[in-house]
Each structure stands twice: as C-alpha cells, then as structure tokens.
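Colleague: My structure file final-v9.cif, mmCIF, C-alpha atoms, is below:
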```cif
data_input
loop_
_atom_site.label_atom_id
_atom_site.label_comp_id
_atom_site.auth_asym_id
_atom_site.auth_seq_id
_atom_site.Cartn_x
_atom_site.Cartn_y
_atom_site.Cartn_z
CA MET A 1 50.11 103.05 8.53
CA ASN A 2 53.57 102.12 9.73
CA ASP A 3 55.87 100.11 7.44
CA TYR A 4 55.89 97.33 10.02
CA ASP A 5 52.14 97.09 10.74
CA ALA A 6 51.96 94.06 8.42
CA LEU A 7 54.68 92.34 10.48
CA ARG A 8 52.80 93.14 13.69
CA ASP A 9 49.59 91.71 12.23
CA TYR A 10 51.42 88.61 11.01
CA LEU A 11 52.92 88.02 14.45
CA LYS A 12 49.55 88.45 16.18
CA LYS A 13 48.22 85.52 14.13
CA GLN A 14 51.04 83.16 15.16
CA HIS A 15 50.68 80.58 17.91
CA LEU A 16 54.12 78.99 17.98
CA PRO A 17 56.28 79.69 21.05
CA GLU A 18 59.13 80.55 18.71
CA PHE A 19 59.97 80.46 15.02
CA VAL A 20 62.45 81.91 12.53
CA LEU A 21 61.76 84.08 9.48
CA THR A 22 64.36 84.90 6.86
CA PHE A 23 64.83 88.49 5.80
CA ASP A 24 63.26 87.53 2.45
CA GLU A 25 60.16 86.23 4.25
CA ILE A 26 59.92 89.41 6.34
CA GLU A 27 60.26 91.54 3.21
CA THR A 28 57.40 89.56 1.64
CA ILE A 29 55.26 90.16 4.75
CA ILE A 30 55.92 93.91 4.83
CA ASP A 31 55.94 94.20 1.03
CA ALA A 32 59.14 96.26 1.15
CA ALA A 33 62.89 95.84 1.36
CA LEU A 34 64.46 95.89 4.81
CA PRO A 35 67.05 98.63 5.34
CA ARG A 36 70.74 97.78 5.50
CA ALA A 37 70.56 98.41 9.25
CA ALA A 38 68.44 95.24 9.58
CA HIS A 39 71.65 93.22 9.25
CA ARG A 40 72.79 94.53 12.64
CA ALA A 41 71.61 92.50 15.62
CA SER A 42 70.89 95.66 17.62
CA TRP A 43 68.31 96.78 15.04
CA TRP A 44 66.08 93.82 15.95
CA GLU A 45 66.68 93.38 19.67
CA THR A 46 63.40 94.40 21.24
CA LEU A 47 64.78 94.50 24.78
CA ARG A 48 67.80 96.67 23.99
CA SER A 49 67.39 100.39 24.69
CA PRO A 50 63.63 100.15 25.36
CA GLN A 51 63.43 103.95 25.65
CA GLU A 52 64.44 104.18 21.98
CA LYS A 53 61.22 103.59 20.06
CA MET A 54 61.87 101.98 16.71
CA PRO A 55 58.98 100.90 14.44
CA GLN A 56 60.25 97.38 13.77
CA ARG A 57 60.80 96.74 17.49
CA GLU A 58 57.39 98.15 18.39
CA ALA A 59 55.76 95.95 15.74
CA CYS A 60 57.36 92.84 17.24
CA LEU A 61 56.36 93.75 20.79
CA ASP A 62 52.83 94.72 19.74
CA GLY A 63 52.63 91.39 17.91
CA GLY A 64 53.55 89.58 21.13
CA TYR A 65 57.07 88.49 20.24
CA ILE A 66 60.66 89.31 21.15
CA ALA A 67 62.91 89.40 18.08
CA THR A 68 66.55 88.37 17.86
CA ARG A 69 68.63 88.41 14.68
CA GLN A 70 70.24 85.03 14.11
CA ALA A 71 73.98 84.42 13.77
CA ASP A 72 73.58 83.75 10.03
CA GLY A 73 72.79 87.47 9.62
CA LYS A 74 69.90 86.62 7.30
CA SER A 75 67.09 85.63 9.63
CA VAL A 76 65.29 86.60 12.82
CA LYS A 77 64.00 84.42 15.65
CA PHE A 78 60.68 85.45 17.16
CA LYS A 79 59.99 84.21 20.67
CA LYS A 80 56.50 84.55 22.17
CA MET A 81 56.32 86.85 25.16
CA PRO A 82 54.55 85.50 28.23
CA ASN A 83 50.93 86.61 28.46
CA ARG A 84 50.57 89.30 31.06
CA ARG A 85 47.14 90.49 31.97
CA PRO A 86 46.81 93.67 34.01
CA GLY A 87 46.35 92.80 37.66
CA ALA A 88 47.15 89.12 37.07
CA GLY A 89 50.76 89.34 38.26
CA ARG A 90 51.83 88.12 41.66
CA ASP A 91 53.71 90.68 43.64
CA PRO A 92 55.94 89.32 46.43
#
```
Take the structure in this file and express it as structure tokens.
Modeller:
Amino acid sequence: MNDYDALRDYLKKQHLPEFVLTFDEIETIIDAALPRAAHRASWWETLRSPQEKMPQREACLDGGYIATRQADGKSVKFKKMPNRRPGAGRDP
C-alpha cells in the first residue's frame, strides 16, 4: 500500500468539480505527516513533469483530480479532471 492510497480513495468518492483541503486535512486522510517538500508548489502539480512519477501526484490523478498548492502554502486545490472514456474522444 502506497502512503497516498487513502488520498486517492478519498478523491474517488468526491463529486465536487473543485474543492480545497488544508495540509492538516490531507494529513488526517493519509494518517501521516506530509513531508517538508509538500510546501513547494511543484510537489503537488500533477501536470508538471508527467514523466516523473511521484506517489502523491499519481494518487491525485488516479482519484480523478488535478492538484494545485494554494498561494497560502497550507492548502491544495483539487480540480476534477474531465471524464475521458476510451474511444469516446472526437478526433478532428
């Protein structure tokens, strides 16, 4: 089990298009302290360096959300990714 599986599972249960969780709330969800690196925006950005697999980013993506650390440095915004079914896209 990955440290961020609980976050992934939490996100999968959400239906809001976007919402914010504080670091304290995330720590409660994962039942662990976030590393100091979590205070850097780049640690959360799920679309930055997609070739670099990081467990917290993967958990967000697998949960259906894109994560962005907020300017307050103490919270993260989760924005629902559009549903994409295989073969359902429209190619020009």
Colleague: At a cut-off of 10 Å around the point (65.4, 88.3, 15.1) (file coordinates), what residues fall inside when counting all atoms listed in the file? I'd like the answer as an mmCIF file with C-alpha atoms, in the coordinates of the input.
Modeller:
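Result file is part_21.cif:
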```cif
data_model
loop_
_atom_site.group_PDB
_atom_site.id
_atom_site.type_symbol
_atom_site.label_atom_id
_atom_site.label_comp_id
_atom_site.auth_asym_id
_atom_site.auth_seq_id
_atom_site.Cartn_x
_atom_site.Cartn_y
_atom_site.Cartn_z
ATOM 1 C CA PHE A 19 59.970 80.460 15.020
ATOM 2 C CA VAL A 20 62.450 81.910 12.530
ATOM 3 C CA LEU A 21 61.760 84.080 9.480
ATOM 4 C CA THR A 22 64.360 84.900 6.860
ATOM 5 C CA PHE A 23 64.830 88.490 5.800
ATOM 6 C CA ALA A 38 68.440 95.240 9.580
ATOM 7 C CA HIS A 39 71.650 93.220 9.250
ATOM 8 C CA ARG A 40 72.790 94.530 12.640
ATOM 9 C CA ALA A 41 71.610 92.500 15.620
ATOM 10 C CA SER A 42 70.890 95.660 17.620
ATOM 11 C CA TRP A 43 68.310 96.780 15.040
ATOM 12 C CA TRP A 44 66.080 93.820 15.950
ATOM 13 C CA GLU A 45 66.680 93.380 19.670
ATOM 14 C CA THR A 46 63.400 94.400 21.240
ATOM 15 C CA ARG A 57 60.800 96.740 17.490
ATOM 16 C CA CYS A 60 57.360 92.840 17.240
ATOM 17 C CA TYR A 65 57.070 88.490 20.240
ATOM 18 C CA ILE A 66 60.660 89.310 21.150
ATOM 19 C CA ALA A 67 62.910 89.400 18.080
ATOM 20 C CA THR A 68 66.550 88.370 17.860
ATOM 21 C CA ARG A 69 68.630 88.410 14.680
ATOM 22 C CA GLN A 70 70.240 85.030 14.110
ATOM 23 C CA ALA A 71 73.980 84.420 13.770
ATOM 24 C CA GLY A 73 72.790 87.470 9.620
ATOM 25 C CA LYS A 74 69.900 86.620 7.300
ATOM 26 C CA SER A 75 67.090 85.630 9.630
ATOM 27 C CA VAL A 76 65.290 86.600 12.820
ATOM 28 C CA LYS A 77 64.000 84.420 15.650
ATOM 29 C CA PHE A 78 60.680 85.450 17.160
ATOM 30 C CA LYS A 79 59.990 84.210 20.670
#
```
Colleague: Might you pull out every residue within 12 Å of Pro82 of chain A, with all atoms listed in the file counted and same-chain residues fewer than 4 positions away left off, and present them as a PyMOL selection string?
Modeller: chain A and resi 17-18+61+64-66+89
Colleague: Please save C-alpha atoms of the selected residues as a JSON list (two decimals), keeping the file's coordinate frame.
Modeller:
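File written: again_15.json
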```
[["chain", "number", "residue", "atom", "x", "y", "z"],
["A", 17, "PRO", "CA", 56.28, 79.69, 21.05],
["A", 18, "GLU", "CA", 59.13, 80.55, 18.71],
["A", 61, "LEU", "CA", 56.36, 93.75, 20.79],
["A", 64, "GLY", "CA", 53.55, 89.58, 21.13],
["A", 65, "TYR", "CA", 57.07, 88.49, 20.24],
["A", 66, "ILE", "CA", 60.66, 89.31, 21.15],
["A", 89, "GLY", "CA", 50.76, 89.34, 38.26]]
```
Colleague: Suppose you want the space between atom CA of Ala33 of chain A and atom CA of Met81 of chain A; what is it in Å?
Modeller: 26.3 Å
Colleague: Arg8 of chain A: which residues within 7 Å, counting all atoms listed in the file, same-chain residues fewer than 6 positions away excluded, as a list of chain:residue names?
Modeller: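 Skipping anything fewer than 6 positions along the chain leaves A:Ala59, A:Cys60, A:Asp62, A:Gly63.
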Colleague: How many Å lie between atom CA of Ala32 of chain A and atom CA of Leu16 of chain A, rounded to one decimal?
Modeller: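 Those two atoms sit 24.6 Å apart.
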Colleague: So what does the PyMOL selection byres ((chain A and resi 3) around 12) actually pick up in this one, as a VMD selection string?
Modeller: chain A and resid 1 to 2 4 to 9 26 to 27 29 to 35 54 to 59
